[in-house]
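Asker: Just so it is clear, I am handing over run_8.cif, which has mmCIF, C-alpha atoms.
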```
data_upload
#
loop_
_atom_site.label_atom_id
_atom_site.label_comp_id
_atom_site.auth_asym_id
_atom_site.auth_seq_id
_atom_site.Cartn_x
_atom_site.Cartn_y
_atom_site.Cartn_z
CA GLN A 120 -9.66 -73.55 24.03
CA VAL A 121 -9.00 -70.47 26.11
CA GLN A 122 -5.47 -70.47 27.40
CA LEU A 123 -2.54 -68.35 28.46
CA VAL A 124 0.79 -69.90 27.55
CA GLN A 125 3.81 -68.50 29.33
CA SER A 126 7.44 -68.57 28.29
CA GLY A 127 9.95 -70.90 29.84
CA ALA A 128 12.00 -70.75 32.98
CA GLU A 129 14.71 -68.13 33.34
CA VAL A 130 17.90 -68.01 35.36
CA LYS A 131 19.39 -64.57 35.83
CA LYS A 132 22.20 -62.96 37.75
CA PRO A 133 21.54 -60.16 40.25
CA GLY A 134 21.21 -56.83 38.51
CA ALA A 135 20.06 -58.36 35.23
CA SER A 136 16.69 -57.95 33.54
CA VAL A 137 14.15 -60.56 32.50
CA ARG A 138 11.25 -60.51 30.07
CA ILE A 139 8.45 -63.06 30.37
CA SER A 140 5.72 -63.53 27.80
CA CYS A 141 2.10 -64.63 28.08
CA LYS A 142 0.48 -65.74 24.82
CA ALA A 143 -3.31 -65.59 24.82
CA SER A 144 -5.49 -67.72 22.60
CA GLY A 145 -9.08 -68.85 22.26
CA TYR A 146 -10.69 -65.50 23.09
CA THR A 147 -10.78 -61.86 22.02
CA PHE A 148 -7.55 -60.51 23.48
CA THR A 149 -8.76 -56.91 23.70
CA ASP A 150 -11.82 -57.79 25.78
CA TYR A 151 -9.61 -58.50 28.78
CA ALA A 152 -6.85 -57.17 30.96
CA ILE A 153 -3.78 -59.23 31.73
CA HIS A 154 -2.55 -59.20 35.29
CA TRP A 155 0.85 -60.36 36.47
CA LEU A 156 1.37 -61.92 39.88
CA ARG A 157 4.16 -63.79 41.55
CA GLN A 158 4.53 -66.49 44.17
CA ALA A 159 7.86 -66.65 45.94
CA PRO A 160 8.74 -69.71 48.02
CA GLY A 161 6.95 -69.53 51.34
CA GLN A 162 5.48 -66.11 50.58
CA LYS A 163 2.02 -64.78 49.84
CA PHE A 164 0.95 -64.19 46.29
CA GLU A 165 1.97 -60.69 45.19
CA TRP A 166 0.20 -58.65 42.56
CA VAL A 167 2.75 -57.01 40.25
CA GLY A 168 0.62 -55.01 37.83
CA TRP A 169 -1.80 -55.12 34.93
CA ILE A 170 -2.34 -53.98 31.38
CA ASN A 171 -5.55 -53.18 29.61
CA ALA A 172 -5.10 -55.21 26.42
CA ALA A 173 -7.47 -52.88 24.55
CA ASP A 174 -5.77 -49.54 25.12
CA GLY A 175 -2.44 -50.48 26.69
CA HIS A 176 -3.08 -48.63 29.95
CA THR A 177 -0.96 -50.04 32.75
CA LYS A 178 -0.87 -49.89 36.51
CA TYR A 179 1.85 -51.26 38.74
CA SER A 180 2.21 -52.08 42.38
CA LYS A 181 4.22 -49.33 44.06
CA LYS A 182 6.57 -52.04 45.24
CA PHE A 183 7.61 -52.80 41.67
CA GLN A 184 6.79 -49.67 39.65
CA ASP A 185 10.40 -48.51 39.37
CA ARG A 186 11.57 -51.86 37.97
CA VAL A 187 8.64 -53.29 36.02
CA THR A 188 7.19 -52.65 32.58
CA ILE A 189 4.16 -54.46 31.21
CA THR A 190 3.46 -54.27 27.50
CA ARG A 191 1.29 -56.05 24.97
CA ASP A 192 1.29 -56.85 21.27
CA THR A 193 -2.32 -56.98 20.16
CA SER A 194 -1.54 -58.46 16.75
CA ALA A 195 0.31 -61.36 18.36
CA THR A 196 -2.02 -61.46 21.42
CA ILE A 197 0.94 -61.52 23.78
CA ALA A 198 1.50 -59.66 27.01
CA TYR A 199 4.97 -59.14 28.43
CA LEU A 200 6.37 -58.52 31.86
CA GLU A 201 9.84 -57.03 32.06
CA MET A 202 11.59 -56.67 35.38
CA SER A 203 14.97 -55.00 35.79
CA SER A 204 17.61 -54.77 38.53
CA LEU A 205 16.78 -58.29 39.63
CA ARG A 206 17.59 -59.34 43.19
CA SER A 207 17.67 -62.74 44.83
CA ASP A 208 14.31 -62.08 46.44
CA ASP A 209 12.75 -61.75 42.99
CA THR A 210 13.14 -65.51 42.69
CA ALA A 211 9.55 -66.69 42.25
CA VAL A 212 7.01 -68.21 39.93
CA TYR A 213 5.43 -65.47 37.85
CA PHE A 214 1.86 -65.94 36.63
CA CYS A 215 -0.26 -64.10 34.14
CA ALA A 216 -4.04 -64.15 34.52
CA ARG A 217 -6.87 -62.48 32.67
CA ILE A 218 -9.72 -60.35 33.98
CA ARG A 219 -12.57 -59.27 31.78
CA LEU A 220 -12.75 -55.55 31.13
CA PHE A 221 -15.86 -53.66 32.25
CA TYR A 222 -17.52 -56.68 33.93
CA TYR A 223 -15.74 -58.32 36.81
CA TYR A 224 -15.77 -62.11 36.73
CA GLY A 225 -12.56 -62.80 38.58
CA MET A 226 -9.20 -64.06 37.32
CA ASP A 227 -10.79 -66.87 35.38
CA VAL A 228 -7.84 -68.10 33.32
CA TRP A 229 -4.25 -68.35 34.50
CA GLY A 230 -1.03 -69.27 32.81
CA LEU A 231 0.99 -72.18 34.15
CA GLY A 232 3.64 -69.89 35.55
CA THR A 233 7.22 -69.02 34.69
CA THR A 234 9.96 -69.75 37.20
CA VAL A 235 12.50 -66.97 37.50
CA THR A 236 15.62 -67.78 39.50
CA VAL A 237 17.97 -64.97 40.44
CA SER A 238 21.31 -66.28 41.58
CA SER A 239 24.95 -65.35 41.26
CA ASP B 212 -2.61 -51.83 51.14
CA ILE B 213 -5.55 -53.99 52.18
CA VAL B 214 -4.45 -56.83 54.44
CA MET B 215 -6.18 -60.19 54.04
CA THR B 216 -6.08 -62.85 56.72
CA GLN B 217 -7.37 -66.40 56.68
CA SER B 218 -8.16 -69.05 59.23
CA PRO B 219 -7.38 -71.77 59.74
CA LEU B 220 -4.06 -71.99 57.91
CA SER B 221 -4.27 -75.77 57.88
CA LEU B 222 -7.46 -77.80 57.63
CA PRO B 223 -7.43 -81.61 57.68
CA VAL B 224 -10.77 -82.84 56.39
CA THR B 225 -12.65 -86.11 56.19
CA PRO B 226 -14.04 -86.94 52.74
CA GLY B 227 -17.78 -86.35 52.72
CA ALA B 228 -17.65 -83.93 55.64
CA PRO B 229 -18.20 -80.17 55.35
CA ALA B 230 -15.39 -77.63 55.56
CA SER B 231 -15.26 -73.91 56.12
CA ILE B 232 -12.55 -71.28 55.64
CA SER B 233 -12.70 -67.75 56.99
CA CYS B 234 -11.22 -64.69 55.30
CA ARG B 235 -11.07 -61.24 56.83
CA SER B 236 -9.87 -57.90 55.50
CA ASN B 237 -8.71 -54.84 57.42
CA GLN B 238 -11.13 -52.65 55.50
CA THR B 239 -14.47 -53.14 53.89
CA LEU B 240 -14.58 -54.83 50.51
CA LEU B 241 -18.14 -53.71 49.88
CA HIS B 242 -18.21 -51.48 46.83
CA SER B 243 -20.80 -48.76 46.31
CA ASN B 244 -22.24 -50.96 43.54
CA GLY B 245 -23.37 -53.44 46.18
CA TYR B 246 -20.85 -56.15 45.38
CA ASN B 247 -18.28 -57.47 47.79
CA TYR B 248 -14.93 -57.56 46.05
CA VAL B 249 -13.50 -60.81 47.28
CA ASP B 250 -12.58 -63.89 45.27
CA TRP B 251 -11.65 -67.41 46.25
CA TYR B 252 -9.03 -69.48 44.42
CA LEU B 253 -7.82 -73.04 44.81
CA GLN B 254 -4.27 -73.97 43.95
CA LYS B 255 -3.99 -77.72 43.61
CA PRO B 256 -0.53 -79.25 44.04
CA GLY B 257 1.71 -78.38 41.11
CA GLN B 258 -0.96 -76.29 39.37
CA SER B 259 -1.89 -72.68 38.82
CA PRO B 260 -4.66 -71.20 40.93
CA GLN B 261 -8.19 -71.77 39.66
CA LEU B 262 -11.09 -69.42 40.29
CA LEU B 263 -13.85 -70.79 42.51
CA ILE B 264 -15.87 -67.78 43.64
CA TYR B 265 -15.87 -64.15 42.48
CA LEU B 266 -17.51 -61.09 44.02
CA GLY B 267 -18.07 -62.87 47.29
CA SER B 268 -20.69 -65.40 46.32
CA ASN B 269 -20.70 -66.08 42.57
CA ARG B 270 -19.51 -69.51 41.55
CA ALA B 271 -17.28 -69.51 38.50
CA PRO B 272 -18.44 -71.56 35.51
CA GLY B 273 -17.79 -75.26 36.00
CA VAL B 274 -17.27 -75.02 39.75
CA PRO B 275 -19.27 -77.69 41.61
CA ASP B 276 -22.18 -76.44 43.67
CA ARG B 277 -20.68 -77.94 46.83
CA PHE B 278 -18.58 -74.73 46.91
CA SER B 279 -20.26 -71.59 48.20
CA GLY B 280 -19.09 -68.15 49.23
CA SER B 281 -20.75 -65.82 51.68
CA GLY B 282 -20.15 -62.76 53.82
CA SER B 283 -20.10 -59.02 53.48
CA GLY B 284 -17.97 -56.05 54.38
CA ALA B 285 -14.80 -57.44 55.85
CA ASP B 286 -15.77 -60.97 56.87
CA PHE B 287 -16.13 -63.79 54.36
CA THR B 288 -16.46 -67.53 54.33
CA LEU B 289 -15.88 -70.28 51.80
CA LYS B 290 -17.80 -73.45 52.48
CA ILE B 291 -17.48 -76.88 50.98
CA SER B 292 -20.63 -78.85 51.71
CA ARG B 293 -19.04 -82.30 51.25
CA VAL B 294 -15.30 -82.45 50.70
CA GLU B 295 -14.04 -84.71 47.94
CA ALA B 296 -10.51 -85.99 47.44
CA GLU B 297 -10.02 -83.66 44.46
CA ASP B 298 -10.57 -80.62 46.69
CA VAL B 299 -7.17 -80.85 48.39
CA GLY B 300 -4.85 -77.92 47.87
CA VAL B 301 -4.35 -74.39 49.12
CA TYR B 302 -7.30 -72.02 49.17
CA TYR B 303 -6.69 -68.28 48.85
CA CYS B 304 -8.97 -65.31 49.22
CA MET B 305 -8.06 -62.22 47.23
CA GLN B 306 -9.38 -58.68 47.16
CA PRO B 307 -9.65 -56.98 43.74
CA LEU B 308 -11.28 -53.84 45.16
CA GLN B 309 -8.17 -51.72 44.95
CA THR B 310 -4.64 -52.05 43.69
CA PRO B 311 -2.45 -53.65 44.71
CA PHE B 312 -4.71 -56.67 44.75
CA THR B 313 -3.82 -58.63 47.86
CA PHE B 314 -4.14 -62.23 48.93
CA GLY B 315 -4.62 -64.07 52.15
CA PRO B 316 -1.83 -66.40 53.28
CA GLY B 317 -3.70 -69.47 52.12
CA THR B 318 -5.42 -72.37 53.85
CA LYS B 319 -3.97 -75.79 53.16
CA VAL B 320 -6.70 -78.40 52.93
CA ASP B 321 -5.72 -82.05 53.01
CA LEU B 322 -7.41 -85.32 53.83
CA LYS B 323 -7.29 -86.89 57.25
#
```
Show me the file's structure as structure tokens.
Answerer:
Amino acid sequence: QVQLVQSGAEVKKPGASVRISCKASGYTFTDYAIHWLRQAPGQKFEWVGWINAADGHTKYSKKFQDRVTITRDTSATIAYLEMSSLRSDDTAVYFCARIRLFYYYGMDVWGLGTTVTVSS
Amino acid sequence: DIVMTQSPLSLPVTPGAPASISCRSNQTLLHSNGYNYVDWYLQKPGQSPQLLIYLGSNRAPGVPDRFSGSGSGADFTLKISRVEAEDVGVYYCMQPLQTPFTFGPGTKVDLK
């Protein structure tokens, strides 16, 4: 079935980097974009950025663009989110979700989330 | 950035009764293509969000027809015609019109 499987929880120290993966299966990877979002405790959902799985084009929220890189491996059908210079307020659950390219049908499949804890 | 607001933030409901959630944006979400770029998601306890409604009024595949979305411009509503126990959770509206996509604060629906 169609699913996005995310990597496991991470615990990092302030200033470190983290890379989270999102493995897609059950559909044509390059027909969709992968978006990354996060949900910090007690905070609104935040959109981090997205990657066009077909051509690798990316766009990031200005809030994160200096610290975030989104990449994809089309042969492995995996998208990655890398965030550097982590701070305590980056502690959150990070989700990947897909959106169909060219025809908008919403974020119709989500990963289960990856908890990132930033603590000294 | 587009700011999304929701009301109410908490909604106790009686099973079988209707429910309604309002979502407003600080700028129009009506695209020149005629579609309103607002989605509705439900996050059940301990789960990822699930898509209910996209482009204002289109039910996602598999979503029961007791869920409906309406509105245009900057004022939108999600209605549940008859709430069931499985509908509890936090409902979010989201605008995908422009980046950064932004979400409302969420409306927590639980049973009375």
Asker: Output as a list in words the set of chain B residues within 6 Å of chain A, with distances taken over all atoms listed in the file.
Answerer: Ser259, Leu262, Tyr265, Pro311, Phe312 and Pro316 of chain B
Asker: Excluding same-chain residues fewer than 6 positions from B:Glu295, what lies within 12 Å of it counting all atoms listed in the file, as an NGL selection string?
Answerer: :B and (224-230 or 275 or 277-278 or 320-323)
Asker: Record the distance separating atom CA of B:Pro307 and atom CA of A:Ile197, expressed in Å with one decimal.
Answerer: 23.0 Å
Asker: Give as an mmCIF file with C-alpha atoms, in the frame of the given file the residues that the PyMOL selection byres ((chain A and resi 150) around 7) matches when applied to the coordinates above.
Answerer:
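Listed below is the output, part.cif:
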```cif
data_model
loop_
_atom_site.group_PDB
_atom_site.id
_atom_site.type_symbol
_atom_site.label_atom_id
_atom_site.label_comp_id
_atom_site.auth_asym_id
_atom_site.auth_seq_id
_atom_site.Cartn_x
_atom_site.Cartn_y
_atom_site.Cartn_z
ATOM 1 C CA THR A 147 -10.780 -61.860 22.020
ATOM 2 C CA PHE A 148 -7.550 -60.510 23.480
ATOM 3 C CA THR A 149 -8.760 -56.910 23.700
ATOM 4 C CA TYR A 151 -9.610 -58.500 28.780
ATOM 5 C CA ALA A 173 -7.470 -52.880 24.550
ATOM 6 C CA ARG A 219 -12.570 -59.270 31.780
ATOM 7 C CA LEU A 220 -12.750 -55.550 31.130
#
```
Asker: Applied to the shown file, which residues does the PyMOL selection byres ((chain A and resi 120) around 10) return, written as a PyMOL selection string?
Answerer: chain A and resi 121-123+144-146
Asker: Which polymer residues have any atom within 8 Å of an atom of B:Leu289, counting all atoms listed in the file, with same-chain residues fewer than 5 positions away left out, as a PDB file with C-alpha atoms, in the frame of the given file?
Answerer:
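This is the output file part-v5.pdb:
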```
ATOM      1  CA  SER B 231     -15.260 -73.910  56.120  1.00  0.00           C
ATOM      2  CA  ILE B 232     -12.550 -71.280  55.640  1.00  0.00           C
ATOM      3  CA  SER B 233     -12.700 -67.750  56.990  1.00  0.00           C
ATOM      4  CA  TRP B 251     -11.650 -67.410  46.250  1.00  0.00           C
ATOM      5  CA  PHE B 278     -18.580 -74.730  46.910  1.00  0.00           C
ATOM      6  CA  SER B 279     -20.260 -71.590  48.200  1.00  0.00           C
ATOM      7  CA  GLY B 280     -19.090 -68.150  49.230  1.00  0.00           C
ATOM      8  CA  SER B 281     -20.750 -65.820  51.680  1.00  0.00           C
TER       9      SER B 281
END
```
Asker: May I ask for the distance between atom CA of B:Arg293 and atom CA of B:Pro219, given in Å to one decimal place?
Answerer: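 Interatomic distance, atom CA of B:Arg293 to atom CA of B:Pro219: 17.9 Å.
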Asker: So which one's closest to B:Ile291, B:Val249, B:Ile264, B:Met215, B:Leu241? Using only C-alpha atoms, please.
Answerer: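 Once distances to B:Ile291 are computed over only C-alpha atoms, the minimum belongs to B:Ile264.
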Asker: Go through the shown structure with the PyMOL selection byres ((chain A and resi 207) around 10) and write out the matching residues as a PDB file with C-alpha atoms, in the coordinates of the input.
Answerer:
```
ATOM      1  CA  LYS A 131      19.390 -64.570  35.830  1.00  0.00           C
ATOM      2  CA  LYS A 132      22.200 -62.960  37.750  1.00  0.00           C
ATOM      3  CA  PRO A 133      21.540 -60.160  40.250  1.00  0.00           C
ATOM      4  CA  GLY A 134      21.210 -56.830  38.510  1.00  0.00           C
ATOM      5  CA  LEU A 205      16.780 -58.290  39.630  1.00  0.00           C
ATOM      6  CA  ARG A 206      17.590 -59.340  43.190  1.00  0.00           C
ATOM      7  CA  ASP A 208      14.310 -62.080  46.440  1.00  0.00           C
ATOM      8  CA  ASP A 209      12.750 -61.750  42.990  1.00  0.00           C
ATOM      9  CA  THR A 210      13.140 -65.510  42.690  1.00  0.00           C
ATOM     10  CA  ALA A 211       9.550 -66.690  42.250  1.00  0.00           C
ATOM     11  CA  VAL A 235      12.500 -66.970  37.500  1.00  0.00           C
ATOM     12  CA  THR A 236      15.620 -67.780  39.500  1.00  0.00           C
ATOM     13  CA  VAL A 237      17.970 -64.970  40.440  1.00  0.00           C
ATOM     14  CA  SER A 238      21.310 -66.280  41.580  1.00  0.00           C
ATOM     15  CA  SER A 239      24.950 -65.350  41.260  1.00  0.00           C
TER      16      SER A 239
END
```
Asker: Residues at most 10 Å from A:Arg138, counting only C-alpha atoms, excluding those fewer than 5 positions away in the same chain, as a PyMOL selection string?
Answerer: chain A and resi 126+129+187-189+199-203+235
Asker: Atom CA of A:Thr177 and atom CA of B:Asp250 are how many Å apart?
Answerer: 22.0 Å
Asker: Which is closest to A:Lys142 among A:Ala172, A:Arg157, A:Ala195, A:Asp185, if we use all atoms listed in the file?
Answerer: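 Going through A:Ala172, A:Arg157, A:Ala195, A:Asp185 one by one, the smallest distance to A:Lys142 is for A:Ala195.
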Asker: Let me make sure I understand: among A:Pro160, A:Val137, A:Val130, A:Arg191, which one has the smallest atom-to-atom distance to A:Val212 if we use all atoms listed in the file?
Answerer: A:Pro160
